[in-house]
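Structure file input-v5.txt; described as compact mmCIF, C-alpha atoms.
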# COMPACT_ATOMS: atom_id res chain seq x y z
CA MET A 12 -44.60 -50.47 -21.19
CA ILE A 13 -43.73 -47.53 -23.44
CA ALA A 14 -46.25 -44.71 -24.00
CA VAL A 15 -46.00 -42.78 -27.27
CA GLN A 16 -48.36 -39.82 -27.14
CA GLY A 17 -49.14 -36.87 -29.35
CA PRO A 18 -50.49 -36.00 -32.79
CA LYS A 19 -47.56 -37.73 -34.51
CA ALA A 20 -47.64 -40.88 -32.37
CA ARG A 21 -48.86 -43.02 -35.25
CA ALA A 22 -46.28 -41.62 -37.65
CA VAL A 23 -43.49 -42.38 -35.14
CA LEU A 24 -44.62 -45.91 -34.40
CA GLU A 25 -45.86 -47.21 -37.72
CA PRO A 26 -42.40 -47.85 -39.26
CA LEU A 27 -41.46 -50.01 -36.26
CA VAL A 28 -44.60 -52.15 -36.33
CA GLU A 29 -45.20 -55.34 -38.29
CA GLN A 30 -48.23 -57.64 -38.36
CA ALA A 31 -50.49 -54.97 -36.86
CA ASP A 32 -52.59 -52.26 -38.48
CA LEU A 33 -52.50 -48.95 -36.60
CA SER A 34 -54.81 -47.15 -39.03
CA PRO A 35 -57.74 -45.35 -37.36
CA ALA A 36 -60.22 -47.65 -39.06
CA ALA A 37 -58.49 -50.82 -37.84
CA MET A 38 -57.51 -49.46 -34.46
CA PRO A 39 -59.82 -46.84 -32.98
CA HIS A 40 -59.36 -45.22 -29.57
CA MET A 41 -59.35 -47.84 -26.77
CA ALA A 42 -58.59 -50.71 -29.14
CA MET A 43 -55.72 -53.15 -28.63
CA THR A 44 -53.88 -55.48 -30.97
CA ARG A 45 -50.95 -57.86 -31.04
CA GLY A 46 -48.09 -57.57 -33.45
CA LEU A 47 -44.34 -57.13 -33.69
CA VAL A 48 -42.54 -53.98 -32.59
CA CYS A 49 -38.88 -53.96 -33.56
CA GLY A 50 -39.35 -57.61 -34.43
CA VAL A 51 -40.42 -58.68 -30.95
CA PRO A 52 -43.90 -59.76 -29.85
CA ALA A 53 -45.88 -56.84 -28.48
CA MET A 54 -49.30 -55.83 -27.32
CA ILE A 55 -50.23 -52.39 -28.60
CA PHE A 56 -53.00 -50.40 -26.91
CA ARG A 57 -54.47 -47.24 -28.34
CA VAL A 58 -55.01 -45.49 -25.04
CA SER A 59 -54.33 -42.02 -23.78
CA PHE A 60 -53.66 -40.57 -20.34
CA THR A 61 -52.70 -37.30 -22.00
CA GLY A 62 -55.75 -36.49 -24.12
CA GLU A 63 -53.65 -36.86 -27.28
CA LEU A 64 -53.60 -39.57 -29.89
CA GLY A 65 -51.44 -42.20 -28.25
CA TYR A 66 -50.31 -45.78 -28.03
CA GLU A 67 -48.89 -47.87 -25.24
CA ILE A 68 -46.57 -50.71 -26.25
CA ASN A 69 -46.00 -53.73 -24.05
CA VAL A 70 -42.99 -55.91 -24.87
CA PRO A 71 -41.25 -58.61 -22.80
CA ALA A 72 -39.00 -56.89 -20.28
CA ASP A 73 -35.60 -57.92 -21.65
CA PHE A 74 -36.49 -56.15 -24.93
CA GLY A 75 -37.73 -52.99 -23.23
CA ALA A 76 -34.61 -50.82 -23.28
CA GLU A 77 -33.82 -51.60 -26.89
CA VAL A 78 -37.37 -50.97 -28.10
CA TRP A 79 -37.42 -47.69 -26.15
CA ARG A 80 -34.23 -46.61 -27.92
CA ALA A 81 -35.65 -47.56 -31.32
CA VAL A 82 -38.80 -45.52 -30.66
CA TRP A 83 -36.63 -42.64 -29.47
CA GLU A 84 -34.55 -42.70 -32.64
CA ALA A 85 -37.57 -43.09 -34.91
CA GLY A 86 -39.14 -40.08 -33.22
CA GLN A 87 -36.24 -37.68 -33.62
CA ALA A 88 -37.34 -36.68 -37.12
CA HIS A 89 -40.77 -35.86 -35.66
CA GLY A 90 -39.52 -33.78 -32.71
CA LEU A 91 -40.18 -36.51 -30.14
CA CYS A 92 -39.26 -35.75 -26.53
CA ALA A 93 -39.14 -37.93 -23.44
CA TYR A 94 -41.63 -36.99 -20.75
CA GLY A 95 -41.78 -37.90 -17.09
CA THR A 96 -44.60 -38.48 -14.67
CA GLU A 97 -44.95 -34.81 -13.67
CA ALA A 98 -45.54 -33.81 -17.29
CA MET A 99 -47.99 -36.68 -17.60
CA HIS A 100 -49.84 -35.47 -14.50
CA VAL A 101 -50.22 -31.97 -15.93
CA LEU A 102 -51.47 -33.36 -19.26
CA ARG A 103 -54.01 -35.63 -17.64
CA ALA A 104 -55.25 -32.89 -15.27
CA GLU A 105 -55.83 -30.53 -18.24
CA LYS A 106 -58.17 -33.22 -19.53
CA GLY A 107 -59.84 -33.86 -16.17
CA TYR A 108 -58.56 -37.45 -16.18
CA ILE A 109 -58.64 -38.43 -12.52
CA ILE A 110 -56.04 -40.36 -10.59
CA VAL A 111 -57.89 -42.80 -8.37
CA GLY A 112 -56.62 -42.21 -4.85
CA GLN A 113 -55.58 -38.63 -5.55
CA ASP A 114 -58.71 -37.06 -7.03
CA THR A 115 -60.88 -39.70 -5.39
CA ASP A 116 -60.94 -41.44 -2.05
CA GLY A 117 -62.82 -44.48 -0.76
CA THR A 118 -65.95 -42.46 -0.05
CA MET A 119 -66.55 -41.37 -3.64
CA THR A 120 -69.18 -42.89 -5.90
CA PRO A 121 -68.88 -43.02 -9.69
CA ASP A 122 -71.37 -40.15 -9.89
CA ASP A 123 -69.27 -38.06 -7.47
CA ALA A 124 -66.30 -38.51 -9.80
CA GLY A 125 -68.37 -37.55 -12.85
CA VAL A 126 -68.37 -41.05 -14.32
CA GLY A 127 -71.89 -42.08 -13.37
CA TRP A 128 -72.46 -42.67 -17.09
CA ALA A 129 -70.25 -45.77 -16.82
CA VAL A 130 -72.60 -47.54 -14.40
CA GLY A 131 -75.03 -49.84 -16.21
CA LYS A 132 -78.56 -48.44 -16.09
CA ASN A 133 -80.29 -51.55 -17.35
CA LYS A 134 -78.61 -54.12 -15.10
CA THR A 135 -80.80 -55.74 -12.49
CA GLU A 136 -77.91 -56.68 -10.21
CA PHE A 137 -74.22 -56.04 -9.71
CA VAL A 138 -71.90 -55.89 -6.72
CA GLY A 139 -72.36 -52.47 -5.13
CA MET A 140 -75.75 -51.73 -6.69
CA VAL A 141 -77.54 -51.75 -3.32
CA SER A 142 -75.00 -49.30 -1.87
CA LEU A 143 -75.35 -46.89 -4.79
CA ARG A 144 -79.11 -46.72 -4.21
CA LYS A 145 -78.85 -45.56 -0.61
CA PRO A 146 -80.25 -42.04 -0.13
CA ALA A 147 -76.99 -40.69 1.32
CA LEU A 148 -75.13 -41.79 -1.82
CA ARG A 149 -77.66 -40.05 -4.07
CA ASP A 150 -77.63 -36.78 -2.14
CA PRO A 151 -77.12 -33.97 -4.69
CA ASN A 152 -75.02 -32.13 -2.11
CA ARG A 153 -72.32 -34.82 -2.01
CA LYS A 154 -68.80 -33.74 -2.91
CA GLN A 155 -68.45 -33.86 -6.69
CA LEU A 156 -65.43 -33.51 -8.95
CA VAL A 157 -65.11 -30.05 -10.53
CA GLY A 158 -62.43 -27.79 -11.92
CA LEU A 159 -61.21 -24.61 -10.26
CA LEU A 160 -59.65 -21.57 -11.94
CA THR A 161 -57.95 -19.07 -9.66
CA ALA A 162 -58.71 -15.39 -10.21
CA ASP A 163 -54.93 -14.89 -10.30
CA PRO A 164 -53.88 -17.15 -13.22
CA SER A 165 -50.31 -17.41 -11.92
CA HIS A 166 -51.41 -18.76 -8.52
CA VAL A 167 -51.00 -22.54 -8.28
CA LEU A 168 -53.08 -23.71 -5.31
CA GLU A 169 -51.61 -26.20 -2.89
CA GLU A 170 -53.06 -29.68 -3.29
CA GLY A 171 -55.11 -30.50 -0.22
CA SER A 172 -56.23 -26.89 0.29
CA GLN A 173 -59.67 -26.48 1.81
CA ILE A 174 -62.47 -24.57 0.05
CA THR A 175 -65.05 -22.23 1.58
CA ALA A 176 -68.24 -20.83 0.06
CA LEU A 177 -68.06 -17.49 1.84
CA PRO A 178 -65.07 -15.13 1.93
CA GLY A 179 -63.48 -13.64 5.02
CA GLN A 180 -64.35 -16.41 7.47
CA ARG A 181 -62.40 -16.99 10.65
CA PRO A 182 -61.78 -20.49 12.03
CA PRO A 183 -63.73 -22.63 12.53
CA MET A 184 -64.74 -22.13 8.91
CA LYS A 185 -67.51 -23.97 7.10
CA LEU A 186 -65.69 -26.01 4.46
CA VAL A 187 -67.35 -27.17 1.24
CA GLY A 188 -64.54 -29.19 -0.35
CA HIS A 189 -60.84 -29.51 -1.07
CA VAL A 190 -58.32 -29.28 -3.90
CA THR A 191 -57.20 -32.73 -5.15
CA SER A 192 -54.83 -31.80 -8.04
CA SER A 193 -53.18 -28.50 -8.91
CA TYR A 194 -50.68 -27.57 -11.62
CA TYR A 195 -49.49 -24.80 -13.88
CA SER A 196 -50.66 -25.63 -17.41
CA ALA A 197 -48.26 -24.51 -20.12
CA VAL A 198 -50.75 -25.01 -22.95
CA LEU A 199 -53.40 -22.91 -21.18
CA GLY A 200 -50.89 -20.37 -19.88
CA ARG A 201 -52.40 -20.45 -16.41
CA SER A 202 -52.95 -22.54 -13.29
CA ILE A 203 -55.63 -25.23 -13.11
CA ALA A 204 -56.95 -27.34 -10.28
CA LEU A 205 -59.26 -30.28 -9.75
CA ALA A 206 -61.32 -30.33 -6.58
CA VAL A 207 -64.21 -32.07 -4.90
CA VAL A 208 -66.91 -29.62 -3.82
CA ALA A 209 -70.26 -30.24 -2.12
CA GLY A 210 -72.91 -30.04 -4.82
CA GLY A 211 -70.09 -28.94 -7.09
CA ARG A 212 -71.68 -29.51 -10.48
CA ALA A 213 -74.56 -27.18 -9.54
CA ARG A 214 -72.03 -24.52 -8.51
CA ILE A 215 -70.28 -24.28 -11.90
CA GLY A 216 -69.73 -20.60 -12.59
CA GLU A 217 -69.83 -19.63 -8.91
CA THR A 218 -66.94 -18.08 -7.02
CA LEU A 219 -65.53 -19.98 -4.03
CA TYR A 220 -62.58 -19.20 -1.77
CA VAL A 221 -59.43 -21.08 -0.86
CA PRO A 222 -57.54 -20.06 2.27
CA THR A 223 -53.82 -20.15 1.39
CA PRO A 224 -50.61 -19.19 3.19
CA ARG A 225 -50.60 -15.95 1.19
CA GLY A 226 -54.22 -15.07 1.86
CA GLU A 227 -57.60 -16.00 0.52
CA SER A 228 -57.69 -16.94 -3.17
CA ALA A 229 -60.91 -16.49 -5.15
CA VAL A 230 -61.61 -19.36 -7.56
CA THR A 231 -64.25 -19.98 -10.21
CA VAL A 232 -65.86 -23.42 -10.31
CA THR A 233 -65.65 -24.99 -13.79
CA GLN A 234 -66.10 -28.25 -15.59
CA PRO A 235 -63.15 -30.54 -14.77
CA VAL A 236 -62.04 -30.67 -18.43
CA PHE A 237 -59.89 -27.61 -19.15
CA TYR A 238 -58.47 -28.49 -22.56
CA ASP A 239 -60.01 -29.92 -25.71
CA PRO A 240 -63.38 -30.57 -24.04
CA LYS A 241 -64.71 -32.35 -27.13
CA GLY A 242 -61.83 -34.83 -27.09
CA GLU A 243 -60.90 -34.20 -30.70
CA ARG A 244 -57.16 -34.45 -30.06
CA LEU A 245 -57.60 -38.17 -29.36
CA ASN A 246 -57.94 -38.50 -33.14
CA GLY A 247 -54.53 -37.00 -33.80
CA MET B 16 -38.68 -52.69 -40.81
CA ALA B 17 -37.39 -56.24 -40.89
CA GLU B 18 -33.80 -55.09 -40.33
CA LEU B 19 -34.56 -53.91 -36.82
CA HIS B 20 -34.82 -56.75 -34.34
CA ALA B 21 -34.34 -56.06 -30.67
CA VAL B 22 -32.17 -58.56 -28.81
CA ARG B 23 -32.75 -59.73 -25.24
CA ARG B 24 -30.79 -57.76 -22.71
CA PRO B 25 -31.01 -59.42 -19.30
CA PRO B 26 -31.36 -57.24 -16.22
CA ALA B 27 -28.27 -56.26 -14.25
CA PRO B 28 -25.57 -58.82 -15.18
CA ALA B 29 -23.21 -59.37 -12.25
CA SER B 30 -20.64 -61.85 -11.02
CA ALA B 31 -18.02 -62.51 -8.36
CA ALA B 32 -15.96 -65.48 -7.25
CA GLY B 33 -18.24 -68.52 -7.23
CA TRP B 34 -21.33 -67.05 -8.89
CA ARG B 35 -22.54 -65.24 -12.02
CA THR B 36 -25.82 -64.19 -13.58
CA LEU B 37 -26.77 -66.45 -16.50
CA ASP B 38 -27.65 -65.48 -20.05
CA PRO B 39 -31.39 -65.26 -20.76
CA HIS B 40 -33.19 -68.56 -21.03
CA SER B 41 -36.69 -69.74 -21.86
CA CYS B 42 -38.90 -70.27 -18.86
CA TRP B 43 -42.54 -71.38 -18.62
CA SER B 44 -44.97 -71.92 -15.79
CA LEU B 45 -47.04 -75.03 -16.53
CA ARG B 46 -50.10 -75.81 -14.42
CA VAL B 47 -51.61 -79.20 -15.20
CA ASP B 48 -52.68 -82.50 -13.65
CA LEU B 49 -49.23 -84.12 -13.61
CA ALA B 50 -50.53 -87.69 -13.84
CA ALA B 51 -52.51 -86.86 -16.97
CA ALA B 52 -49.74 -84.84 -18.60
CA ALA B 53 -46.68 -87.04 -18.03
CA ALA B 54 -47.16 -89.52 -20.89
CA PRO B 55 -48.20 -87.03 -23.61
CA LEU B 56 -45.30 -84.73 -22.73
CA ALA B 57 -42.81 -87.61 -22.72
CA ALA B 58 -44.09 -88.65 -26.16
CA THR B 59 -43.20 -85.24 -27.54
CA GLY B 60 -39.78 -85.28 -25.88
CA LEU B 61 -40.54 -82.91 -23.00
CA PRO B 62 -39.80 -83.72 -19.36
CA LEU B 63 -42.20 -83.66 -16.44
CA ALA B 64 -41.00 -84.01 -12.84
CA ALA B 65 -43.13 -86.58 -11.07
CA THR B 66 -41.46 -86.37 -7.65
CA ALA B 67 -41.98 -83.50 -5.25
CA CYS B 68 -39.09 -81.01 -5.15
CA ARG B 69 -37.14 -82.75 -7.89
CA ALA B 70 -36.19 -81.68 -11.39
CA ALA B 71 -36.34 -83.88 -14.49
CA THR B 72 -34.33 -83.21 -17.65
CA LEU B 73 -34.96 -84.45 -21.19
CA GLY B 74 -32.91 -83.05 -24.06
CA ASP B 75 -32.80 -79.26 -23.91
CA TRP B 76 -35.54 -78.92 -21.34
CA SER B 77 -35.79 -79.35 -17.60
CA ALA B 78 -39.00 -79.48 -15.58
CA LEU B 79 -38.85 -78.32 -11.97
CA TRP B 80 -41.54 -79.62 -9.58
CA LEU B 81 -42.84 -76.58 -7.68
CA GLY B 82 -46.21 -77.88 -6.57
CA PRO B 83 -48.66 -80.77 -7.03
CA ASP B 84 -49.93 -79.22 -10.27
CA GLU B 85 -47.13 -76.79 -11.02
CA GLN B 86 -43.93 -77.18 -13.02
CA LEU B 87 -41.36 -74.66 -14.13
CA LEU B 88 -40.04 -75.55 -17.59
CA VAL B 89 -36.53 -74.23 -18.28
CA GLY B 90 -34.69 -74.43 -21.58
CA PRO B 91 -32.35 -72.50 -23.86
CA ASP B 92 -33.50 -69.20 -25.32
CA SER B 93 -32.83 -70.61 -28.80
CA ALA B 94 -35.58 -73.22 -28.26
CA HIS B 95 -38.08 -70.68 -26.94
CA GLY B 96 -40.15 -70.40 -30.09
CA GLN B 97 -41.15 -74.07 -30.29
CA LEU B 98 -42.09 -74.76 -26.70
CA ALA B 99 -45.63 -73.40 -26.67
CA ALA B 100 -46.67 -75.25 -29.82
CA ARG B 101 -45.03 -78.51 -28.68
CA THR B 102 -46.69 -78.35 -25.28
CA SER B 103 -50.09 -77.28 -26.57
CA SER B 104 -50.26 -80.08 -29.11
CA ALA B 105 -49.08 -82.64 -26.53
CA LEU B 106 -51.66 -81.45 -24.00
CA ALA B 107 -54.58 -80.99 -26.40
CA GLY B 108 -57.72 -82.01 -24.54
CA ILE B 109 -56.06 -81.79 -21.11
CA ALA B 110 -56.92 -78.71 -19.05
CA HIS B 111 -53.73 -76.75 -18.51
CA SER B 112 -52.21 -73.31 -18.48
CA LEU B 113 -48.81 -72.48 -19.92
CA VAL B 114 -47.47 -69.02 -19.18
CA ASP B 115 -44.29 -67.57 -20.67
CA VAL B 116 -42.30 -66.23 -17.70
CA SER B 117 -38.97 -66.03 -19.54
CA HIS B 118 -38.55 -62.32 -18.93
CA ARG B 119 -39.72 -62.52 -15.34
CA GLN B 120 -37.18 -65.12 -14.22
CA ALA B 121 -33.56 -64.09 -13.86
CA ALA B 122 -30.99 -66.75 -13.02
CA VAL B 123 -27.76 -66.89 -11.06
CA GLU B 124 -25.41 -69.88 -11.08
CA LEU B 125 -23.40 -70.63 -7.94
CA THR B 126 -20.50 -73.07 -8.22
CA GLY B 127 -17.64 -74.40 -6.18
CA PRO B 128 -16.92 -75.14 -2.54
CA GLY B 129 -18.28 -71.75 -1.36
CA ALA B 130 -21.69 -72.15 -3.01
CA THR B 131 -23.48 -73.68 -0.05
CA GLN B 132 -22.01 -71.08 2.30
CA LEU B 133 -23.20 -68.25 0.07
CA LEU B 134 -26.67 -69.78 -0.04
CA ALA B 135 -26.76 -70.56 3.68
CA MET B 136 -26.23 -66.85 4.42
CA ALA B 137 -29.81 -66.07 3.45
CA CYS B 138 -31.65 -69.29 2.56
CA PRO B 139 -33.37 -71.25 5.35
CA LEU B 140 -33.24 -74.66 3.64
CA ASP B 141 -30.95 -77.43 4.87
CA LEU B 142 -28.27 -77.52 2.15
CA ASP B 143 -26.65 -80.75 3.36
CA LEU B 144 -26.39 -83.23 0.48
CA ALA B 145 -28.22 -85.85 2.54
CA GLN B 146 -31.22 -83.55 2.86
CA MET B 147 -30.86 -81.76 -0.48
CA PRO B 148 -29.58 -84.23 -3.06
CA VAL B 149 -28.57 -83.35 -6.62
CA GLY B 150 -31.77 -82.72 -8.60
CA PHE B 151 -33.51 -81.00 -5.70
CA CYS B 152 -35.56 -77.91 -6.51
CA SER B 153 -37.90 -75.75 -4.51
CA ARG B 154 -39.48 -72.37 -4.28
CA THR B 155 -37.94 -70.72 -1.22
CA VAL B 156 -36.44 -67.37 -0.20
CA TYR B 157 -33.04 -65.71 -0.31
CA ALA B 158 -33.27 -63.13 2.49
CA LYS B 159 -36.51 -61.34 1.57
CA ALA B 160 -36.60 -62.32 -2.11
CA GLU B 161 -38.65 -65.26 -3.34
CA ILE B 162 -36.42 -67.60 -5.35
CA VAL B 163 -36.42 -71.00 -7.00
CA LEU B 164 -33.37 -72.99 -5.94
CA TRP B 165 -32.19 -75.94 -8.07
CA ARG B 166 -29.22 -78.13 -7.13
CA GLN B 167 -27.73 -79.25 -10.45
CA GLU B 168 -24.56 -80.82 -9.00
CA ALA B 169 -23.19 -81.20 -5.49
CA GLN B 170 -21.40 -77.87 -5.88
CA ARG B 171 -23.50 -76.23 -8.61
CA PHE B 172 -26.80 -74.47 -7.98
CA GLN B 173 -29.14 -72.39 -10.09
CA LEU B 174 -31.00 -69.64 -8.26
CA GLN B 175 -33.89 -68.01 -10.10
CA CYS B 176 -35.60 -64.87 -8.93
CA TRP B 177 -37.90 -62.23 -10.41
CA ARG B 178 -36.00 -59.72 -12.50
CA SER B 179 -36.70 -56.77 -10.21
CA PHE B 180 -35.29 -58.71 -7.24
CA LEU B 181 -32.04 -59.54 -9.06
CA PRO B 182 -29.98 -56.53 -7.92
CA TYR B 183 -31.08 -57.25 -4.34
CA VAL B 184 -30.06 -60.91 -4.60
CA THR B 185 -26.74 -60.26 -6.37
CA GLY B 186 -26.00 -57.43 -3.95
CA LEU B 187 -26.31 -59.86 -1.05
CA LEU B 188 -24.22 -62.46 -2.92
CA ALA B 189 -21.54 -59.82 -3.49
CA ILE B 190 -21.43 -59.08 0.24
CA GLY B 191 -21.15 -62.80 0.90
CA SER B 192 -18.33 -63.18 -1.60
CA ARG B 193 -16.39 -60.39 0.09
CA GLU B 194 -16.88 -61.94 3.53
CA LEU B 195 -15.76 -65.36 2.31
CA ALA B 196 -12.74 -64.01 0.41
If you took the structure in this file and wrote it as structure tokens, what would it be?
Amino acid sequence: MIAVQGPKARAVLEPLVEQADLSPAAMPHMAMTRGLVCGVPAMIFRVSFTGELGYEINVPADFGAEVWRAVWEAGQAHGLCAYGTEAMHVLRAEKGYIIVGQDTDGTMTPDDAGVGWAVGKNKTEFVGMVSLRKPALRDPNRKQLVGLLTADPSHVLEEGSQITALPGQRPPMKLVGHVTSSYYSAVLGRSIALAVVAGGRARIGETLYVPTPRGESAVTVTQPVFYDPKGERLNG
Amino acid sequence: MAELHAVRRPPAPASAAGWRTLDPHSCWSLRVDLAAAAAPLAATGLPLAATACRAATLGDWSALWLGPDEQLLVGPDSAHGQLAARTSSALAGIAHSLVDVSHRQAAVELTGPGATQLLAMACPLDLDLAQMPVGFCSRTVYAKAEIVLWRQEAQRFQLQCWRSFLPYVTGLLAIGSRELA
């Protein structure tokens, strides 16, 4: 699987593709198609874990290295660079794209993770529906996914840090949540963090506190999408 | 972009005395009622192995019996393009699944008098010719890697494993070759 991401992703890929139409009309975001890439059978997905226009190409494994090299060479004229998983993690966190198991754990509901919209409202039955109706799982004070911005923009919080509502507490502190992802964002020129906070969506705009090895860090609760909140970059 | 056509590059080619990784081949997992499929496949010139743990060969293609409804079809890479259409037309109307696993399966050939010793290092099957005659095939293990073992001659075996297990398998074979040298 080869991910080609960024505003020029289509321009890089199109010359390598046959028997598939990558135009926005034929292949909108989240569409997939089959075709040839470098003459070999491929599945092409228009998907994005970066928030940018992007495609993921699946080819049979023995062709992988050669197709990667062809994409690499085709991209040189467009300023293509290779990116690793850490860069990908920063890009996805800027967009508030969660990693299941990092930003979520087994106790979280779709609503906690901010994706309650994806649960069918008109269905009369599905596996898990009874659980989701239980009062404890509908409690507005459950931990919910939010963004955090540190008062000091150069301070990158440690992932796993605890969060308190009141400053200056001594242990045992009352904890209201924890940091799940934390990075320095180059495009924003500052640190960003994702966190789960009790009743977090109702606290957006409030100041919370994160005890850190270098002292207490004041943070502002925000929406979990830090960059391109309207998602326009998905269109290239 | 017709001038650019990627070629198959198999994972991690390796060899030592008595064994070598094989060039890429065409490999398909066929799940079907064997009794229903045997005649239509034979009519189109494709083999089907009717006996448990035995391989059958017809022309370019071999069928390895891996289970009561499961065969592994193995043929040359050059014949890859025709196999799906040939099989699908032969089995029209018969419930079946045919999955291209060509790029999943890597193959090692072991030959010569040391072959059984190399295999016996890490494979629990009885390799004696009386128990494992020529034509035998089975899904088994080589140390911790799942493999398909196929005895093509008394002293010639094909070992297939998943591509990501290949360096593990050939690494063990290399140790064995050094110990036997």
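When atom CA of Val157 of chain A is paired with atom CA of Gly62 of chain A, their separation reads 17.7 Å.
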Return as a Markdown table the residues of chain A lying at most 9 Å from chain B, together with the closest atom-to-atom pair for each and the distance in Å to one decimal, counting all atoms listed in the file, with rows in chain order and ascending residue number.
| residue | atom | partner | partner_atom | distance |
| --- | --- | --- | --- | --- |
| A:Pro26 | CA | B:Met16 | CA | 6.3 |
| A:Leu27 | CA | B:Met16 | CA | 6.0 |
| A:Val28 | CA | B:Met16 | CA | 7.4 |
| A:Glu29 | CA | B:Met16 | CA | 7.5 |
| A:Val48 | CA | B:His20 | CA | 8.4 |
| A:Cys49 | CA | B:His20 | CA | 5.0 |
| A:Gly50 | CA | B:His20 | CA | 4.6 |
| A:Val51 | CA | B:Ala21 | CA | 6.6 |
| A:Pro71 | CA | B:His118 | CA | 6.0 |
| A:Ala72 | CA | B:His118 | CA | 5.6 |
| A:Asp73 | CA | B:Arg24 | CA | 4.9 |
| A:Phe74 | CA | B:Arg23 | CA | 5.2 |
| A:Gly75 | CA | B:Arg24 | CA | 8.4 |
| A:Ala76 | CA | B:Arg24 | CA | 7.9 |
| A:Glu77 | CA | B:Ala21 | CA | 5.9 |
| A:Val78 | CA | B:Ala21 | CA | 6.5 |
| A:Ala81 | CA | B:Leu19 | CA | 8.5 |
Excluding segment 168-185 of chain A and residues on its chain fewer than 3 positions from it, collect all residues at most 9 Å away from it, counting all atoms listed in the file, and give them as a ChimeraX atom specification. /A:161,188-194,202-206,208,218-223,227-229
Give me the residues within 10 Å of Leu181 of chain B as a PyMOL selection string, counting all atoms listed in the file and dropping any in the same chain fewer than 4 places off. chain B and resi 26-29+36+120-123+160+162+175-177+185-187
Distance atom CA of Ser112 of chain B-atom CA of Leu45 of chain B, one decimal place? 5.8 Å
Residue neighbourhood Leu188 of chain B, 9 Å, all atoms listed in the file, exclusion window fewer than 6 positions, as a ChimeraX atom specification: /B:30-31,34,133-134,136
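For the atom pair formed by atom CA of Pro235 of chain A and atom CA of Ala129 of chain A, the distance is 16.9 Å, given to one decimal.
Considering all atoms listed in the file, the residue among B:Ala169, B:Leu79, B:Leu113, B:Val184 positioned nearest to Thr131 of chain B is B:Ala169.
Near Gln87 of chain A, within 12 Å and counting all atoms listed in the file, sit Lys19, Ala20, Ala22, Val23, Leu24, Arg80, Ala81 and Ala93 of chain A, not including residues fewer than 6 positions from it in the same chain.
Remark: for Asp116 of chain A, the closest of the candidate residues A:Thr44, A:Asn69, A:Ser196, A:Gln155 is A:Gln155 (distances computed over all atoms listed in the file).
Using all atoms listed in the file, the nearest neighbour of Leu56 of chain B within the list B:Ile109, B:Cys68, B:Val89, B:Cys42 is B:Ile109.
Among the candidates A:Gly131, A:Pro52, A:Gly65, A:Gly242, the one nearest to Leu33 of chain A when counting all atoms listed in the file is A:Gly65.
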For Thr233 of chain A, work out the shell of residues within 7 Å, counting all atoms listed in the file and skipping chain neighbours fewer than 4 positions away, then give it as a PDB file with C-alpha atoms, in the coordinates of the input.
ATOM      1  CA  VAL A 157     -65.110 -30.050 -10.530  1.00  0.00           C
ATOM      2  CA  GLY A 158     -62.430 -27.790 -11.920  1.00  0.00           C
ATOM      3  CA  LEU A 159     -61.210 -24.610 -10.260  1.00  0.00           C
ATOM      4  CA  ILE A 215     -70.280 -24.280 -11.900  1.00  0.00           C
ATOM      5  CA  GLY A 216     -69.730 -20.600 -12.590  1.00  0.00           C
TER       6      GLY A 216
END
